[in-house]
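Participant: Below is one structure. I have some questions about it.
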Amino acid sequence: MGRVVIKNLYNQELDLLDCKRSLLHCLLESGQDWMHACGGKGRCTTCKVQVLEGMASLSVLSPAELKYREKKLLLEDERLSCQVRLSGDITIQVPEESQLPHIRYSNRDGSQAKANG
């Protein structure tokens, strides 16, 4: 595993060295709120992350991710956190459509963004 930096959550760093499950499970186990409407089964795209750095540290695309790529619902720099496993350090951000309304997000540089809702 590795370290995850979430740019638009004020550059929050999570050390996920002991997590052996999906990125979504690791984020949730670390106490991070993360949208996941289908419960982490790869049936929606609400848990997606935009990968800013470290794409090579992620597992290969799952069948669910390939399906959403074909439908243009998952961009080249996006992955489903419920489908991907981490093998090294990554820097991500939460895409606007996957942001939770009760969390304040920052701009990519860590400065205050406009409040959700």
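Starting from 1 in every chain, residues are counted up; chains themselves are A, B, ... following the order of the structure tokens, and ligands are numbered from 1 as listed.
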DSSP on the backbone, alpha helix (DSSP H) only: what residues of chain A does that give? Format it as a list in words.

Facilitator: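 DSSP-assigned alpha helix (DSSP H) residues in chain A: Leu23, Leu24, His25, Cys26, Leu27, Leu28, Glu29, Pro63, Ala64, Glu65, Leu66, Lys67, Tyr68, Arg69 and Glu70 of chain A.
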
Participant: Restricting it to C-alpha atoms, dump the selection as a short mmCIF file (atom, residue, chain, number, x, y, z; two decimals), in the first residue's frame.

Facilitator:
data_model
loop_
_atom_site.label_atom_id
_atom_site.label_comp_id
_atom_site.auth_asym_id
_atom_site.auth_seq_id
_atom_site.Cartn_x
_atom_site.Cartn_y
_atom_site.Cartn_z
CA LEU A 23 -9.16 2.08 -2.02
CA LEU A 24 -12.75 2.83 -0.98
CA HIS A 25 -12.56 0.44 1.99
CA CYS A 26 -9.18 1.91 2.97
CA LEU A 27 -10.55 5.46 2.83
CA LEU A 28 -13.56 4.51 4.93
CA GLU A 29 -11.44 2.56 7.44
CA PRO A 63 -14.56 -5.01 -15.82
CA ALA A 64 -16.87 -2.44 -14.19
CA GLU A 65 -14.40 0.37 -14.87
CA LEU A 66 -13.97 -0.76 -18.49
CA LYS A 67 -17.76 -0.72 -18.91
CA TYR A 68 -18.01 2.84 -17.57
CA ARG A 69 -15.07 3.97 -19.73
CA GLU A 70 -16.85 2.63 -22.81
#

Participant: Which residue gives the smallest distance to Asn107 of chain A among A:Asn8, A:Ser57, A:Ser22, A:Gln50, with only C-alpha atoms counted?

Facilitator: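 Closest candidate: A:Asn8.
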
Participant: Could I get the residues of segment 22-66 of chain A with an atom no further than 7 Å from an atom of segment 73-92 of chain A, each paired with its nearest atom pair and that distance in Å to one decimal, using only C-alpha atoms, sorted by chain and residue number, as a Markdown table?

Facilitator:
| residue | atom | partner | partner_atom | distance |
| --- | --- | --- | --- | --- |
| A:Ser22 | CA | A:Arg85 | CA | 4.8 |
| A:Leu23 | CA | A:Ser81 | CA | 5.0 |
| A:Leu24 | CA | A:Ser81 | CA | 4.7 |
| A:Gly40 | CA | A:Cys82 | CA | 4.9 |
| A:Lys41 | CA | A:Cys82 | CA | 6.7 |
| A:Gly42 | CA | A:Cys82 | CA | 6.4 |
| A:Thr45 | CA | A:Leu80 | CA | 6.5 |
| A:Cys47 | CA | A:Ser81 | CA | 5.6 |
| A:Lys48 | CA | A:Leu80 | CA | 4.2 |
| A:Val49 | CA | A:Glu78 | CA | 5.5 |
| A:Gln50 | CA | A:Glu78 | CA | 4.4 |
| A:Val51 | CA | A:Ile92 | CA | 4.5 |
| A:Leu52 | CA | A:Ile92 | CA | 5.2 |
| A:Glu53 | CA | A:Thr91 | CA | 4.9 |
| A:Gly54 | CA | A:Ile90 | CA | 4.4 |
| A:Ser57 | CA | A:Gly88 | CA | 4.8 |
| A:Leu58 | CA | A:Leu86 | CA | 4.9 |
| A:Ser59 | CA | A:Arg85 | CA | 5.3 |
| A:Ser62 | CA | A:Gln83 | CA | 6.4 |
| A:Glu65 | CA | A:Leu80 | CA | 6.7 |

Participant: Keeping only C-alpha atoms, take the residues you just selected and write them out as a CSV table (one decimal), in the first residue's frame.

Facilitator:
chain,number,residue,atom,x,y,z
A,22,SER,CA,-10.1,-1.6,-2.2
A,23,LEU,CA,-9.2,2.1,-2.0
A,24,LEU,CA,-12.8,2.8,-1.0
A,40,GLY,CA,-18.8,-0.5,-3.2
A,41,LYS,CA,-20.0,-3.0,-5.8
A,42,GLY,CA,-18.9,-1.3,-9.0
A,45,THR,CA,-19.7,5.9,-10.4
A,47,CYS,CA,-17.1,6.7,-5.6
A,48,LYS,CA,-14.8,7.8,-8.4
A,49,VAL,CA,-11.6,9.6,-7.8
A,50,GLN,CA,-9.6,11.7,-10.1
A,51,VAL,CA,-6.0,10.6,-10.1
A,52,LEU,CA,-3.5,13.5,-10.3
A,53,GLU,CA,-0.3,11.5,-9.7
A,54,GLY,CA,0.5,7.8,-9.3
A,57,SER,CA,0.4,2.6,-8.4
A,58,LEU,CA,-3.1,1.4,-9.0
A,59,SER,CA,-4.4,-2.0,-10.1
A,62,SER,CA,-11.7,-3.8,-13.5
A,65,GLU,CA,-14.4,0.4,-14.9

Participant: When you count only C-alpha atoms, which of these residues is closest to Thr46 of chain A: A:Glu97, A:Tyr105, A:Gln112, A:Arg3?

Facilitator: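 Among A:Glu97, A:Tyr105, A:Gln112, A:Arg3, it is A:Glu97 that comes nearest to Thr46 of chain A.
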
Participant: Using DSSP on the backbone coordinates, identify all residues within chain A classified as strand (DSSP E); present the result as a list in words.

Facilitator: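 The residues of chain A classed as strand (DSSP E) are Arg3, Val4, Val5, Ile6, Gln12, Glu13, Leu14, Asp15, Lys48, Val49, Gln50, Val51, Leu52, Glu53, Glu78, Arg79, Leu80, Ile90, Thr91, Ile92 and Gln93 of chain A.
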
Participant: Could you save the residues just selected, with N, CA and C atoms, as a short mmCIF file (atom, residue, chain, number, x, y, z; two decimals), in the first residue's frame?

Facilitator:
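This is the output file selection_4.cif:
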data_model
loop_
_atom_site.label_atom_id
_atom_site.label_comp_id
_atom_site.auth_asym_id
_atom_site.auth_seq_id
_atom_site.Cartn_x
_atom_site.Cartn_y
_atom_site.Cartn_z
N ARG A 3 0.76 5.90 0.52
CA ARG A 3 0.20 7.14 1.05
C ARG A 3 -0.72 7.76 0.00
N VAL A 4 -1.86 8.26 0.47
CA VAL A 4 -2.82 8.93 -0.39
C VAL A 4 -2.90 10.39 0.02
N VAL A 5 -2.73 11.29 -0.93
CA VAL A 5 -2.92 12.73 -0.70
C VAL A 5 -4.19 13.11 -1.44
N ILE A 6 -5.13 13.74 -0.72
CA ILE A 6 -6.38 14.18 -1.33
C ILE A 6 -6.29 15.70 -1.47
N GLN A 12 -5.03 16.64 2.47
CA GLN A 12 -5.06 15.64 3.53
C GLN A 12 -4.26 14.43 3.10
N GLU A 13 -3.42 13.92 4.01
CA GLU A 13 -2.60 12.74 3.74
C GLU A 13 -3.07 11.57 4.59
N LEU A 14 -3.22 10.43 3.95
CA LEU A 14 -3.63 9.21 4.63
C LEU A 14 -2.57 8.15 4.40
N ASP A 15 -2.09 7.55 5.46
CA ASP A 15 -1.11 6.48 5.36
C ASP A 15 -1.87 5.16 5.36
N LYS A 48 -15.99 7.53 -7.55
CA LYS A 48 -14.81 7.75 -8.39
C LYS A 48 -13.87 8.80 -7.81
N VAL A 49 -12.61 8.64 -8.17
CA VAL A 49 -11.55 9.57 -7.79
C VAL A 49 -10.86 10.02 -9.06
N GLN A 50 -10.40 11.26 -9.04
CA GLN A 50 -9.56 11.74 -10.14
C GLN A 50 -8.12 11.57 -9.69
N VAL A 51 -7.35 10.84 -10.45
CA VAL A 51 -5.95 10.56 -10.11
C VAL A 51 -5.08 11.64 -10.71
N LEU A 52 -4.43 12.42 -9.86
CA LEU A 52 -3.55 13.50 -10.30
C LEU A 52 -2.11 13.02 -10.47
N GLU A 53 -1.69 12.10 -9.60
CA GLU A 53 -0.34 11.52 -9.67
C GLU A 53 -0.41 10.08 -9.17
N GLU A 78 -9.71 9.03 -14.21
CA GLU A 78 -10.60 8.67 -13.11
C GLU A 78 -10.62 7.16 -12.89
N ARG A 79 -10.79 6.77 -11.65
CA ARG A 79 -10.93 5.36 -11.28
C ARG A 79 -12.05 5.23 -10.26
N LEU A 80 -12.64 4.05 -10.17
CA LEU A 80 -13.64 3.77 -9.15
C LEU A 80 -12.90 3.29 -7.90
N ILE A 90 -0.22 7.82 -4.16
CA ILE A 90 -1.04 8.49 -5.17
C ILE A 90 -1.50 9.85 -4.64
N THR A 91 -1.80 10.72 -5.58
CA THR A 91 -2.44 12.00 -5.27
C THR A 91 -3.74 12.03 -6.05
N ILE A 92 -4.83 12.29 -5.34
CA ILE A 92 -6.16 12.25 -5.95
C ILE A 92 -6.93 13.50 -5.58
N GLN A 93 -8.07 13.66 -6.21
CA GLN A 93 -9.04 14.64 -5.75
C GLN A 93 -10.43 14.07 -5.99
#

Participant: For Lys71 of chain A, which residue among A:Arg104, A:Pro95, A:Cys44, A:Ala56 is the nearest when counting only C-alpha atoms?

Facilitator: A:Cys44

Participant: Separation of atom CA of Leu17 of chain A and atom CA of Asp33 of chain A, in Å?

Facilitator: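 About the pair atom CA of Leu17 of chain A and atom CA of Asp33 of chain A: they are 18.9 Å apart.
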
Participant: Using only C-alpha atoms, which of A:Leu16, A:Leu9, A:Met55, A:Leu100 sits nearest Ala37 of chain A?

Facilitator: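 So, comparing all the options, the nearest one is A:Leu100.
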